[in-house]
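**Student:** Mind having a look at this structure? Questions to follow.
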Amino acid sequence: MTRRKQAAPDKITAPAKARVVTPLTARATTPEPVDAATLREIFSRLSAANPEPRSDLEYLNAYTLLVAVVLSAQATDKSVNIATAPLFARADNPAAMLALGEETVRHHIRTIGLFNTKAKNVIALSRILVEQHGGEVPRAREHLEVLPGVGKKTASVVLNVAFGEPTIAVDTHIFRVSNRIPLAPGSTTDKVQAGLEAIVPEPYRLNAHHWLILHGRYVCKARKPECWRCPIAELCRYPDKTPGPG
Ligand code: SF4
């Protein structure tokens, strides 16, 4: 899908007059982001359908959440859960993980993609937590983002899920959903994150990350969105909605 340069996501602008002749076969416009009332209605419906959303990743505390999110890069949550259940039973804190050692961690996570690098990162970040943060997961973004294997997205997930901060970590699902509806369109995950954090109504901000991720994972799927069973179908402006099966 071609995407023209978008207006700032929190502004609703009138469609610009075409200055060039657009071939009839091409889509003349990309939908404008939904207005504030529609945005609120979208989150109201997602909230009603799943009042207490939670991550598909299984964890025991902030530390195991952090490790699980690090392991989930380019891996399914299901595969991570299978690997982490026995791993977290043996080590649910940084000191215990260090004592376990890289070789044992690698063995536990060998079914997950990039397991060699991830085992190194889990041990390295555990060492930093022990040596610099008293064995605790820091609540400050700047401390989280410098941990091995932890980028902006992982830090946002930890701040949101473990510490209740209204961050919206943008992964591939949220990026797709936000650009399709569109909520806060953008060409990069950083732009979409900034846009969403600026426009999502306050009562929905804490859980917006989960609602959008789950919506993208189970309904607004990448290859074939299941628009026929989507609870926000008539609010969504995606021009290529899919008809129901059969
Ligand atoms: S109507 Fe289709 S494209 Fe729009 S949010 Fe729902 S599943 Fe996604």
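Letters for chains follow the order of the structure tokens (A, B, ...), residue numbers begin at 1 for each chain, and ligand numbers begin at 1 in the order shown.
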Neighbours of segment 142-147 of chain A within 10 Å (only C-alpha atoms; same-chain residues fewer than 5 positions away dropped), as a PyMOL selection string?

**Tutor:** chain A and resi 66+121-122+124-129+132-133+137+152-156+158-159

**Student:** Let me have all residues with an atom within 8 Å of ligand 1, counting only C-alpha atoms and all ligand atoms, laid out as a ChimeraX atom specification.

**Tutor:** /A:177,180-181,215-216,219-221,225-242

**Student:** Please, could you write that set of residues out with C-alpha atoms as a PDB file, in the first residue's frame?

**Tutor:**
ATOM      1  CA  VAL A 177      -3.278  -1.630  13.131  1.00  0.00           C
ATOM      2  CA  ARG A 180      -4.714   0.629   8.778  1.00  0.00           C
ATOM      3  CA  ILE A 181      -7.530   2.183  10.795  1.00  0.00           C
ATOM      4  CA  HIS A 215      -6.407  -6.917  18.113  1.00  0.00           C
ATOM      5  CA  GLY A 216      -3.582  -7.084  15.575  1.00  0.00           C
ATOM      6  CA  VAL A 219      -8.297 -10.076  14.319  1.00  0.00           C
ATOM      7  CA  CYS A 220      -6.489  -7.466  12.238  1.00  0.00           C
ATOM      8  CA  LYS A 221      -3.968 -10.011  10.999  1.00  0.00           C
ATOM      9  CA  PRO A 225      -7.508  -9.083   8.463  1.00  0.00           C
ATOM     10  CA  GLU A 226     -10.722 -10.690   9.690  1.00  0.00           C
ATOM     11  CA  CYS A 227     -12.823  -7.600   9.117  1.00  0.00           C
ATOM     12  CA  TRP A 228     -16.089  -9.559   9.066  1.00  0.00           C
ATOM     13  CA  ARG A 229     -15.770 -10.268  12.784  1.00  0.00           C
ATOM     14  CA  CYS A 230     -14.004  -7.065  13.788  1.00  0.00           C
ATOM     15  CA  PRO A 231     -15.768  -5.142  16.578  1.00  0.00           C
ATOM     16  CA  ILE A 232     -14.655  -1.809  15.136  1.00  0.00           C
ATOM     17  CA  ALA A 233     -15.238  -2.556  11.469  1.00  0.00           C
ATOM     18  CA  GLU A 234     -17.584   0.335  10.689  1.00  0.00           C
ATOM     19  CA  LEU A 235     -15.274   2.764  12.503  1.00  0.00           C
ATOM     20  CA  CYS A 236     -12.207   1.628  10.607  1.00  0.00           C
ATOM     21  CA  ARG A 237     -11.291   3.441   7.387  1.00  0.00           C
ATOM     22  CA  TYR A 238      -9.058   0.739   5.909  1.00  0.00           C
ATOM     23  CA  PRO A 239     -10.103   0.635   2.261  1.00  0.00           C
ATOM     24  CA  ASP A 240      -9.265  -3.030   1.647  1.00  0.00           C
ATOM     25  CA  LYS A 241     -11.447  -4.715   4.242  1.00  0.00           C
ATOM     26  CA  THR A 242     -11.851  -8.428   3.681  1.00  0.00           C
TER      27      THR A 242
END

**Student:** Just the residues within 9 Å of Leu196 of chain A, please, counting only C-alpha atoms, with nothing from its chain fewer than 5 positions along; format it as a ChimeraX atom specification.

**Tutor:** /A:9-10,168,178,183-185,191,205,208

**Student:** So the first atom is atom CA of Asp190 of chain A and the second is atom CA of Glu52 of chain A; what is the distance between them in Å, to one decimal place?

**Tutor:**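 The value is 25.9 Å.
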
**Student:** Kindly give the distance, in Å, that separates atom CA of Gly149 of chain A and atom CA of Pro53 of chain A, rounded to a single decimal.

**Tutor:**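 Distance between the two atoms: 25.6 Å.
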
**Student:** How would you write, as JSON, numbers by chain, the set of residues in segment 5-133 of chain A that DSSP gives as helix (DSSP H, G or I)?

**Tutor:** {"A": [36, 37, 38, 39, 40, 41, 42, 43, 44, 45, 46, 47, 48, 49, 62, 63, 64, 65, 66, 67, 68, 69, 70, 71, 77, 78, 79, 80, 81, 82, 83, 84, 85, 86, 87, 88, 89, 90, 94, 95, 96, 97, 98, 99, 100, 102, 103, 104, 105, 106, 107, 108, 115, 116, 117, 118, 119, 120, 121, 122, 123, 124, 125, 126, 127, 128, 129, 130, 131, 132]}

**Student:** Would you pick out the contacts of Arg110 of chain A at 12 Å or less, using only C-alpha atoms, so that residues sharing its chain but fewer than 5 positions from it are not included, and give the list as number ranges by chain?

**Tutor:** A: 71, 75, 79-80, 82-84, 87, 102-105, 115-119

**Student:** Could those selected residues go to a file with C-alpha atoms, as a tab-separated table (two decimals), in the first residue's frame?

**Tutor:**
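Full text of out_37.tsv as output:
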chain	number	residue	atom	x	y	z
A	71	LEU	CA	13.46	-13.53	24.47
A	75	ALA	CA	9.84	-15.47	18.37
A	79	SER	CA	7.52	-20.60	22.12
A	80	VAL	CA	8.92	-18.24	24.75
A	82	ILE	CA	7.41	-23.09	26.73
A	83	ALA	CA	11.07	-22.26	27.25
A	84	THR	CA	10.71	-19.92	30.21
A	87	LEU	CA	13.88	-21.57	33.27
A	102	GLU	CA	25.08	-18.79	30.23
A	103	GLU	CA	25.41	-22.40	29.12
A	104	THR	CA	22.37	-23.51	31.13
A	105	VAL	CA	20.34	-20.52	29.98
A	115	PHE	CA	19.13	-18.24	21.33
A	116	ASN	CA	22.90	-17.81	21.42
A	117	THR	CA	22.72	-14.03	21.42
A	118	LYS	CA	19.73	-14.01	23.73
A	119	ALA	CA	21.47	-16.24	26.30

**Student:** Return the single residue from A:Pro166, A:Pro94, A:Gly101, A:Pro148 that is closest to Glu131 of chain A, with distances computed using only C-alpha atoms.

**Tutor:**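 Checking each candidate against Glu131 of chain A, we get A:Pro94 as the closest.
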
**Student:** Residues at most 10 Å from Asp92 of chain A, counting only C-alpha atoms, excluding those fewer than 6 positions away in the same chain, as a tab-separated table (two decimals) with N, CA and C atoms, in the first residue's frame?

**Tutor:**
chain	number	residue	atom	x	y	z
A	59	TYR	N	5.00	-14.55	33.03
A	59	TYR	CA	6.11	-14.03	33.83
A	59	TYR	C	5.67	-14.02	35.29
A	60	LEU	N	6.64	-13.86	36.18
A	60	LEU	CA	6.37	-13.93	37.61
A	60	LEU	C	6.55	-12.59	38.31
A	61	ASN	N	7.40	-11.76	37.74
A	61	ASN	CA	7.72	-10.46	38.35
A	61	ASN	C	8.35	-9.57	37.28
A	62	ALA	N	8.78	-8.39	37.67
A	62	ALA	CA	9.32	-7.46	36.68
A	62	ALA	C	10.55	-8.04	35.97
A	63	TYR	N	11.36	-8.76	36.72
A	63	TYR	CA	12.57	-9.32	36.12
A	63	TYR	C	12.23	-10.39	35.08
A	64	THR	N	11.35	-11.31	35.43
A	64	THR	CA	11.02	-12.37	34.47
A	64	THR	C	10.24	-11.78	33.28
A	65	LEU	N	9.48	-10.72	33.51
A	65	LEU	CA	8.84	-10.04	32.38
A	65	LEU	C	9.91	-9.49	31.44
A	67	VAL	N	12.99	-10.44	31.01
A	67	VAL	CA	13.67	-11.54	30.30
A	67	VAL	C	12.75	-12.10	29.21
A	84	THR	N	10.45	-20.63	28.95
A	84	THR	CA	10.71	-19.92	30.21
A	84	THR	C	10.08	-20.59	31.43

**Student:** Using only C-alpha atoms, find the one residue out of A:Met97, A:Ile174, A:Ala49, A:Val161 that sits nearest to Asn207 of chain A.

**Tutor:**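 Selected residue with least distance to Asn207 of chain A: A:Val161.
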
**Student:** Of the residues A:Arg54, A:Ile109, A:Ser44, A:Ala96, which is the one nearest to Glu202 of chain A, using only C-alpha atoms?

**Tutor:** A:Ser44

**Student:** List as an MDAnalysis selection string the protein and nucleic acid residues near Val170 of chain A, meaning an atom at most 6 Å away when only C-alpha atoms are counted, but skip any in the same chain fewer than 4 places from it.

**Tutor:** chainID A and resid 174:175 189 193
